>>> print(open('query-v2.csv').read())   # CSV, C-alpha atoms
chain,number,residue,atom,x,y,z
A,1,MET,CA,-35.3,-68.2,-34.2
A,2,ALA,CA,-33.1,-69.6,-31.4
A,3,SER,CA,-30.1,-67.7,-32.7
A,4,VAL,CA,-32.0,-64.4,-32.1
A,5,LEU,CA,-33.3,-65.2,-28.6
A,6,VAL,CA,-30.0,-66.1,-27.1
A,7,PRO,CA,-28.3,-62.7,-27.4
A,8,VAL,CA,-31.5,-60.8,-26.3
A,9,LEU,CA,-31.8,-63.1,-23.2
A,10,TYR,CA,-28.1,-62.4,-22.5
A,11,VAL,CA,-28.4,-58.6,-22.7
A,12,GLY,CA,-31.5,-58.7,-20.5
A,13,ILE,CA,-29.8,-60.8,-17.8
A,14,VAL,CA,-26.8,-58.4,-17.7
A,15,ILE,CA,-29.0,-55.2,-17.5
A,16,SER,CA,-31.1,-56.7,-14.7
A,17,SER,CA,-28.1,-57.7,-12.7
A,18,LEU,CA,-26.6,-54.2,-13.0
A,19,LEU,CA,-29.9,-52.7,-11.8
A,20,LEU,CA,-30.1,-55.0,-8.8
A,21,PHE,CA,-26.4,-54.3,-7.9
A,22,SER,CA,-26.9,-50.5,-8.1
A,23,HIS,CA,-30.1,-50.7,-6.0
A,24,PHE,CA,-28.6,-52.6,-3.2
A,25,TYR,CA,-25.3,-50.5,-3.3
A,26,ARG,CA,-27.3,-47.2,-3.0
A,27,LYS,CA,-29.4,-48.6,-0.2
A,28,ARG,CA,-26.3,-49.7,1.6
A,29,SER,CA,-24.5,-46.4,1.0
A,30,ALA,CA,-27.5,-44.3,2.2
A,31,GLY,CA,-27.4,-46.0,5.5
A,32,LYS,CA,-23.6,-45.7,5.9
A,33,LEU,CA,-22.2,-42.9,8.1
A,34,TYR,CA,-19.2,-41.1,6.7
A,35,GLN,CA,-16.5,-39.8,8.9
A,36,PRO,CA,-17.1,-36.0,9.3
A,37,TYR,CA,-14.7,-33.8,7.4
A,38,PHE,CA,-14.6,-31.4,10.4
A,39,SER,CA,-14.5,-32.9,13.8
A,40,SER,CA,-16.8,-30.6,15.8
A,41,HIS,CA,-18.0,-27.0,16.0
A,42,PRO,CA,-17.3,-25.7,19.6
A,43,GLU,CA,-18.2,-22.1,18.8
A,44,ARG,CA,-21.7,-23.1,17.7
A,45,ASP,CA,-22.2,-25.1,20.9
A,46,VAL,CA,-21.1,-22.2,23.0
A,47,TYR,CA,-23.5,-19.8,21.3
A,48,VAL,CA,-26.4,-22.3,21.6
A,49,SER,CA,-25.6,-22.8,25.3
A,50,LEU,CA,-25.5,-19.1,26.0
A,51,LEU,CA,-28.8,-18.6,24.0
A,52,GLN,CA,-30.5,-21.3,26.1
A,53,LYS,CA,-29.3,-19.8,29.4
A,54,THR,CA,-32.2,-18.2,31.3
A,55,ASP,CA,-31.2,-17.9,34.9
A,56,PRO,CA,-29.7,-15.3,34.6
A,57,PRO,CA,-30.0,-14.7,30.8
A,58,ALA,CA,-26.8,-13.9,28.9
A,59,HIS,CA,-26.1,-10.3,28.0
A,60,GLU,CA,-26.8,-9.2,24.4
A,61,ALA,CA,-23.2,-8.1,23.9
A,62,LEU,CA,-22.0,-11.6,25.0
A,63,LEU,CA,-24.3,-13.2,22.5
A,64,LYS,CA,-23.2,-11.0,19.7
A,65,ALA,CA,-19.5,-11.8,20.5
A,66,ALA,CA,-20.3,-15.5,20.5
A,67,LEU,CA,-22.1,-15.2,17.2
A,68,VAL,CA,-19.2,-13.3,15.6
A,69,ARG,CA,-16.8,-16.0,16.8
A,70,ARG,CA,-19.0,-18.6,15.3
A,71,ALA,CA,-19.0,-16.7,12.0
A,72,MET,CA,-15.2,-16.6,12.1
A,73,THR,CA,-15.0,-20.4,12.4
A,74,ASP,CA,-17.4,-20.7,9.4
A,75,VAL,CA,-15.3,-18.4,7.3
A,76,SER,CA,-12.1,-20.3,8.1
A,77,ARG,CA,-13.9,-23.6,7.1
A,78,VAL,CA,-15.1,-22.1,3.9
A,79,VAL,CA,-11.6,-21.1,2.9
A,80,ARG,CA,-10.3,-24.6,3.8
A,81,LEU,CA,-13.0,-26.3,1.7
A,82,ARG,CA,-12.2,-24.1,-1.3
A,83,GLU,CA,-8.5,-25.0,-1.0
A,84,ASP,CA,-9.0,-28.8,-0.5
A,85,LYS,CA,-11.8,-29.5,-3.0
A,86,PRO,CA,-9.7,-29.1,-6.2
A,87,ALA,CA,-6.9,-31.2,-4.8
A,88,LEU,CA,-9.2,-34.0,-3.6
A,89,GLN,CA,-11.0,-34.0,-6.9
A,90,ASN,CA,-7.8,-34.4,-8.8
A,91,LEU,CA,-6.7,-37.3,-6.5
A,92,LEU,CA,-10.1,-38.9,-6.9
A,93,GLN,CA,-9.8,-38.9,-10.7
A,94,LYS,CA,-6.4,-40.5,-10.4
A,95,GLY,CA,-7.6,-43.1,-8.0
A,96,SER,CA,-5.3,-42.1,-5.1
A,97,ILE,CA,-8.2,-41.7,-2.6
A,98,GLY,CA,-11.5,-43.5,-2.1
A,99,ASP,CA,-15.1,-42.2,-2.4
A,100,ASP,CA,-15.5,-42.0,1.4
A,101,LEU,CA,-13.3,-38.9,1.7
A,102,TRP,CA,-14.9,-37.2,-1.2
A,103,ASN,CA,-18.4,-37.9,0.1
A,104,SER,CA,-17.4,-36.6,3.5
A,105,LEU,CA,-16.2,-33.4,1.9
A,106,LEU,CA,-19.5,-33.0,0.0
A,107,GLN,CA,-21.5,-33.6,3.2
A,108,ALA,CA,-19.4,-31.0,5.0
A,109,GLU,CA,-20.2,-28.5,2.2
A,110,LYS,CA,-24.0,-29.1,2.7
A,111,GLU,CA,-23.7,-28.7,6.4
A,112,LEU,CA,-21.7,-25.5,6.1
A,113,GLU,CA,-24.3,-24.0,3.8
A,114,ALA,CA,-27.0,-24.7,6.4
A,115,GLU,CA,-24.7,-23.3,9.1
A,116,ILE,CA,-24.2,-20.0,7.1
A,117,MET,CA,-27.9,-19.6,6.6
A,118,GLU,CA,-28.5,-20.1,10.3
A,119,VAL,CA,-25.8,-17.5,11.3
A,120,VAL,CA,-27.3,-14.9,8.9
A,121,ALA,CA,-30.8,-15.5,10.4
A,122,GLU,CA,-29.4,-15.2,14.0
A,123,ALA,CA,-27.6,-12.0,13.1
A,124,ASN,CA,-30.7,-10.4,11.7
A,125,THR,CA,-32.5,-11.0,15.0
A,126,PHE,CA,-30.1,-8.7,16.8
A,127,VAL,CA,-29.8,-5.9,14.1
A,128,GLU,CA,-31.7,-5.8,10.9
A,129,GLY,CA,-29.2,-6.2,8.0
A,130,TRP,CA,-26.3,-7.4,10.1
A,131,GLY,CA,-26.4,-10.8,8.4
A,132,THR,CA,-25.2,-9.2,5.2
A,133,ILE,CA,-21.9,-7.9,6.7
A,134,ILE,CA,-21.2,-10.3,9.6
A,135,PHE,CA,-19.1,-12.6,7.5
A,136,GLN,CA,-17.1,-9.6,6.1
A,137,SER,CA,-16.4,-8.5,9.7
A,138,ALA,CA,-15.4,-12.0,10.6
A,139,GLY,CA,-12.9,-12.2,7.8
A,140,GLU,CA,-11.3,-8.9,8.9
A,141,MET,CA,-11.0,-10.2,12.4
A,142,ILE,CA,-9.3,-13.4,11.2
A,143,ALA,CA,-6.8,-11.3,9.3
A,144,ASN,CA,-6.2,-9.2,12.4
A,145,GLU,CA,-5.6,-12.2,14.6
A,146,LYS,CA,-3.1,-13.6,12.1
A,147,MET,CA,-1.2,-10.3,12.1
A,148,ARG,CA,-1.2,-10.2,15.9
A,149,THR,CA,-0.1,-13.8,16.2
A,150,LEU,CA,2.9,-13.1,13.9
A,151,TYR,CA,3.8,-10.0,15.9
A,152,GLU,CA,3.7,-11.9,19.2
A,153,GLU,CA,5.8,-14.8,17.8
A,154,THR,CA,8.5,-12.5,16.4
A,155,PRO,CA,10.8,-12.5,19.5
A,156,ALA,CA,10.6,-16.3,19.9
A,157,SER,CA,11.3,-16.9,16.3
A,158,ARG,CA,14.2,-14.4,16.4
A,159,GLU,CA,15.8,-16.2,19.4
A,160,GLN,CA,15.4,-19.6,17.6
A,161,LYS,CA,17.1,-18.2,14.5
A,162,GLU,CA,19.9,-16.6,16.5
A,163,LEU,CA,20.5,-19.9,18.2
A,164,LYS,CA,20.6,-21.7,14.9
A,165,TYR,CA,22.5,-19.2,12.7
A,166,GLY,CA,24.2,-17.0,15.3
A,167,LYS,CA,23.9,-13.2,15.8
A,168,VAL,CA,24.5,-11.2,12.7
A,169,GLY,CA,25.4,-7.9,14.5
A,170,ALA,CA,25.6,-6.4,17.9
A,171,LYS,CA,22.6,-4.7,19.3
A,172,ILE,CA,22.9,-0.9,19.5
A,173,ASP,CA,20.9,1.1,22.1
A,174,LEU,CA,20.3,4.6,20.6
A,175,PRO,CA,19.6,7.4,22.9
A,176,LEU,CA,16.1,8.9,22.9
A,177,PRO,CA,15.8,12.2,21.0
A,178,GLN,CA,15.7,15.3,23.2
A,179,PRO,CA,13.3,18.1,22.3
A,180,VAL,CA,14.9,21.3,21.0
A,181,LEU,CA,13.6,24.5,22.6
A,182,MET,CA,14.1,27.7,20.5
A,183,PRO,CA,14.7,30.9,22.5
A,184,GLY,CA,12.0,33.4,22.0
A,185,PRO,CA,11.8,37.2,22.7
A,186,PRO,CA,11.9,38.3,26.3
A,187,PRO,CA,8.5,39.1,27.8
A,188,PRO,CA,7.6,42.8,28.5
A,189,GLY,CA,9.0,44.0,31.8
A,190,HIS,CA,12.0,41.8,31.7
A,191,PRO,CA,15.4,43.6,32.0
A,192,ALA,CA,16.6,42.0,28.7
A,193,HIS,CA,13.5,43.5,27.0
A,194,THR,CA,14.2,47.0,28.4
A,195,ALA,CA,17.9,46.8,27.2
A,196,ALA,CA,16.8,45.7,23.7
A,197,LEU,CA,14.4,48.6,23.4
A,198,ALA,CA,17.2,51.1,24.5
A,199,ALA,CA,19.6,49.7,22.0
A,200,ALA,CA,17.1,50.0,19.2
A,201,ALA,CA,16.4,53.6,20.2
A,202,ALA,CA,20.1,54.5,20.2
A,203,GLY,CA,20.6,52.9,16.8
A,204,SER,CA,17.7,54.9,15.2
A,205,ALA,CA,19.0,58.1,16.7
A,206,SER,CA,22.5,57.6,15.2
A,207,ASN,CA,21.1,56.9,11.8
A,208,SER,CA,18.9,60.0,11.9
A,209,ALA,CA,21.8,62.4,12.7
A,210,PRO,CA,22.3,65.2,10.1
A,211,GLY,CA,25.4,65.1,7.9
A,212,THR,CA,26.2,61.5,8.5
A,213,PRO,CA,26.3,59.5,5.3
A,214,ALA,CA,24.2,56.3,5.3
A,215,LYS,CA,26.4,53.3,5.8
A,216,PRO,CA,25.4,50.2,3.9
A,217,PRO,CA,24.5,47.3,6.2
A,218,ASN,CA,27.2,45.0,4.7
A,219,ASN,CA,30.0,47.6,5.0
A,220,LEU,CA,30.5,47.6,1.3
A,221,MET,CA,30.8,50.8,-0.8
A,222,PRO,CA,28.8,51.2,-4.0
A,223,PRO,CA,30.8,50.9,-7.3
A,224,ARG,CA,32.1,54.1,-8.9
A,225,ALA,CA,30.7,55.4,-12.1
A,226,SER,CA,32.7,54.4,-15.1
A,227,SER,CA,34.5,57.3,-16.9
A,228,THR,CA,33.5,57.9,-20.6
A,229,LYS,CA,36.8,59.6,-21.4
A,230,ALA,CA,39.4,57.8,-23.3
A,231,GLU,CA,42.2,56.5,-21.0
A,232,SER,CA,45.6,55.2,-21.9
A,233,VAL,CA,48.0,53.2,-19.8
A,234,VAL,CA,51.7,53.6,-20.1
A,235,SER,CA,53.7,50.5,-19.5
A,236,SER,CA,57.2,50.3,-18.0
A,237,ASP,CA,58.7,50.2,-21.5
A,238,GLY,CA,57.3,53.6,-22.4
A,239,GLU,CA,54.6,52.4,-24.8
A,240,SER,CA,51.0,53.4,-24.3
A,241,HIS,CA,48.2,50.8,-24.4
A,242,ASP,CA,44.8,52.1,-25.1
A,243,THR,CA,42.0,51.0,-22.9
A,244,PRO,CA,38.8,49.6,-24.5
A,245,SER,CA,37.2,53.1,-24.0
A,246,SER,CA,40.0,54.8,-26.0
A,247,LYS,CA,39.8,52.2,-28.7
A,248,SER,CA,36.1,52.8,-29.1
A,249,VAL,CA,36.6,56.6,-29.3
A,250,SER,CA,39.3,56.3,-32.0
A,251,THR,CA,37.2,54.0,-34.0
A,252,THR,CA,34.3,56.4,-33.9
A,253,SER,CA,36.5,59.3,-35.0
A,254,LYS,CA,37.8,57.3,-38.0
A,255,SER,CA,34.3,56.5,-39.1
A,256,LEU,CA,33.3,60.1,-38.9
A,257,SER,CA,36.3,61.2,-41.0
A,258,ASN,CA,35.5,58.7,-43.7
A,259,ASN,CA,31.9,59.9,-43.9
A,260,SER,CA,33.0,63.5,-44.2
A,261,SER,CA,35.5,62.7,-47.0
A,262,HIS,CA,32.8,60.8,-48.9
A,263,VAL,CA,30.4,63.8,-48.5
A,264,THR,CA,33.0,66.3,-49.8
A,265,HIS,CA,33.9,64.2,-52.9
A,266,SER,CA,30.4,63.4,-53.9
A,267,PRO,CA,29.6,66.8,-55.5
A,268,ARG,CA,32.7,66.6,-57.7
A,269,ARG,CA,31.5,63.2,-59.0
A,270,ARG,CA,28.1,64.7,-59.8
A,271,VAL,CA,29.7,67.6,-61.7
A,272,ARG,CA,31.9,65.4,-63.7
A,273,ASN,CA,28.9,63.2,-64.5
A,274,GLY,CA,27.0,66.3,-65.5
A,275,SER,CA,29.7,67.6,-67.8
A,276,ASN,CA,30.1,64.2,-69.5
A,277,PRO,CA,26.7,63.0,-70.2
>>> encode(input="query-v2.csv", output="structure tokens")
Amino acid sequence: MASVLVPVLYVGIVISSLLLFSHFYRKRSAGKLYQPYFSSHPERDVYVSLLQKTDPPAHEALLKAALVRRAMTDVSRVVRLREDKPALQNLLQKGSIGDDLWNSLLQAEKELEAEIMEVVAEANTFVEGWGTIIFQSAGEMIANEKMRTLYEETPASREQKELKYGKVGAKIDLPLPQPVLMPGPPPPGHPAHTAALAAAAAGSASNSAPGTPAKPPNNLMPPRASSTKAESVVSSDGESHDTPSSKSVSTTSKSLSNNSSHVTHSPRRRVRNGSNP
């Protein structure tokens, strides 16, 4: 009997001690203040101060601008939490960081969720439905500010790189392009317009004169008609060389003569065939 009570009593003492330790640890942790993950929220403080201002009250456009600036800060913090949380979780599993930093990150997430809901509610008080697109507009404005910052810092970074690496090439100042003006026809009543009309009339009169052959515009004469007669060329050695036209004529005459001989001899063959059946 004593051998059974000893292990049961041991297990009960261990479980009770663990429960007491966890109770006091949670009670102590609940009252402990963690260091905030984000130091402060100045844009929210500015918006609240403008909203509480009554003498004179702040203009509606100023309140909207302050609210958009507050939403921009919230968007940047959301992006930072999304980037930091996986890395901190990995370091926590390896034991590289303590629970304080992880708990401060979780607390910052809860505060940011409440902040986003508050911004959406404030935006809907100005314009109904603005809370659904205010964070999208804030993200576009953040991207615009980044691009503008890079553009403004380009000359300074260029000077630093030139001091570090030296100039790669000389700067060339190109002249500005000049506009090209195309000359148009002279206006009516101008002396040049009158001279152009007179020249056109003289040209039309010369073209319409009787007995004058029409001259082609490119000063080229039309090709002559090719002769169908057989031509032969006599060389310096006294031999004649037939041109392609003469060769074609002689070939045609030979074919005609062969056909005629065939026609004349065909009756004889028929007679002979008839006599000798």
>>> atom_distance(input="query-v2.csv", atom1="CA of Tyr165 (chain A)", atom2="CA of Arg148 (chain A)")
25.6 Å
>>> closest_residue(input="query-v2.csv", among="A:Ser76, A:Leu18, A:Ser3, A:Arg26", to="Ala143 (chain A)", atoms="all atoms listed in the file")
A:Ser76
>>> closest_residue(input="query-v2.csv", among="A:Glu109, A:Asp99, A:Glu162, A:Glu60", to="Phe38 (chain A)", atoms="only C-alpha atoms")
A:Glu109
>>> closest_atom_pairs(input="query-v2.csv", of="region 48-79 of chain A", to="region 125-133 of chain A", cutoff="10 Å", atoms="only C-alpha atoms", output="Markdown table")
| residue | atom | partner | partner_atom | distance |
| --- | --- | --- | --- | --- |
| A:Glu60 | CA | A:Phe126 | CA | 8.3 |
| A:Ala61 | CA | A:Phe126 | CA | 9.9 |
| A:Leu63 | CA | A:Phe126 | CA | 9.3 |
| A:Lys64 | CA | A:Phe126 | CA | 7.8 |
>>> closest_residue(input="query-v2.csv", among="A:Thr73, A:Gln107, A:Ser16, A:Ser22", to="Arg44 (chain A)", atoms="only C-alpha atoms")
A:Thr73
>>> closest_residue(input="query-v2.csv", among="A:Ala199, A:Leu176, A:Ala192, A:Leu106", to="Arg82 (chain A)", atoms="all atoms listed in the file")
A:Leu106
>>> atom_distance(input="query-v2.csv", atom1="CA of Leu105 (chain A)", atom2="CA of Phe135 (chain A)")
21.7 Å
>>> atom_distance(input="query-v2.csv", atom1="CA of Leu112 (chain A)", atom2="CA of Ala66 (chain A)")
17.6 Å
>>> residues_near_point(input="query-v2.csv", point="(-11.6, -16.2, 10.8)", cutoff="10 Å", atoms="all atoms listed in the file", output="PDB file with C-alpha atoms, in the frame of the given file")
ATOM      1  CA  VAL A  68     -19.200 -13.300  15.600  1.00  0.00           C
ATOM      2  CA  ARG A  69     -16.800 -16.000  16.800  1.00  0.00           C
ATOM      3  CA  ARG A  70     -19.000 -18.600  15.300  1.00  0.00           C
ATOM      4  CA  ALA A  71     -19.000 -16.700  12.000  1.00  0.00           C
ATOM      5  CA  MET A  72     -15.200 -16.600  12.100  1.00  0.00           C
ATOM      6  CA  THR A  73     -15.000 -20.400  12.400  1.00  0.00           C
ATOM      7  CA  ASP A  74     -17.400 -20.700   9.400  1.00  0.00           C
ATOM      8  CA  VAL A  75     -15.300 -18.400   7.300  1.00  0.00           C
ATOM      9  CA  SER A  76     -12.100 -20.300   8.100  1.00  0.00           C
ATOM     10  CA  ARG A  77     -13.900 -23.600   7.100  1.00  0.00           C
ATOM     11  CA  VAL A  78     -15.100 -22.100   3.900  1.00  0.00           C
ATOM     12  CA  VAL A  79     -11.600 -21.100   2.900  1.00  0.00           C
ATOM     13  CA  PHE A 135     -19.100 -12.600   7.500  1.00  0.00           C
ATOM     14  CA  GLN A 136     -17.100  -9.600   6.100  1.00  0.00           C
ATOM     15  CA  SER A 137     -16.400  -8.500   9.700  1.00  0.00           C
ATOM     16  CA  ALA A 138     -15.400 -12.000  10.600  1.00  0.00           C
ATOM     17  CA  GLY A 139     -12.900 -12.200   7.800  1.00  0.00           C
ATOM     18  CA  GLU A 140     -11.300  -8.900   8.900  1.00  0.00           C
ATOM     19  CA  MET A 141     -11.000 -10.200  12.400  1.00  0.00           C
ATOM     20  CA  ILE A 142      -9.300 -13.400  11.200  1.00  0.00           C
ATOM     21  CA  ALA A 143      -6.800 -11.300   9.300  1.00  0.00           C
ATOM     22  CA  ASN A 144      -6.200  -9.200  12.400  1.00  0.00           C
ATOM     23  CA  GLU A 145      -5.600 -12.200  14.600  1.00  0.00           C
ATOM     24  CA  LYS A 146      -3.100 -13.600  12.100  1.00  0.00           C
TER      25      LYS A 146
END
>>> residues_around(input="query-v2.csv", residues="Asp100 (chain A)", least_positions_apart="3", cutoff="9 Å", atoms="all atoms listed in the file", output="list of chain:residue names")
A:Tyr34, A:Gln35, A:Ile97, A:Asn103, A:Ser104, A:Leu105
>>> closest_residue(input="query-v2.csv", among="A:Gln52, A:Arg80, A:Val14, A:Leu101", to="Tyr37 (chain A)", atoms="only C-alpha atoms")
A:Leu101
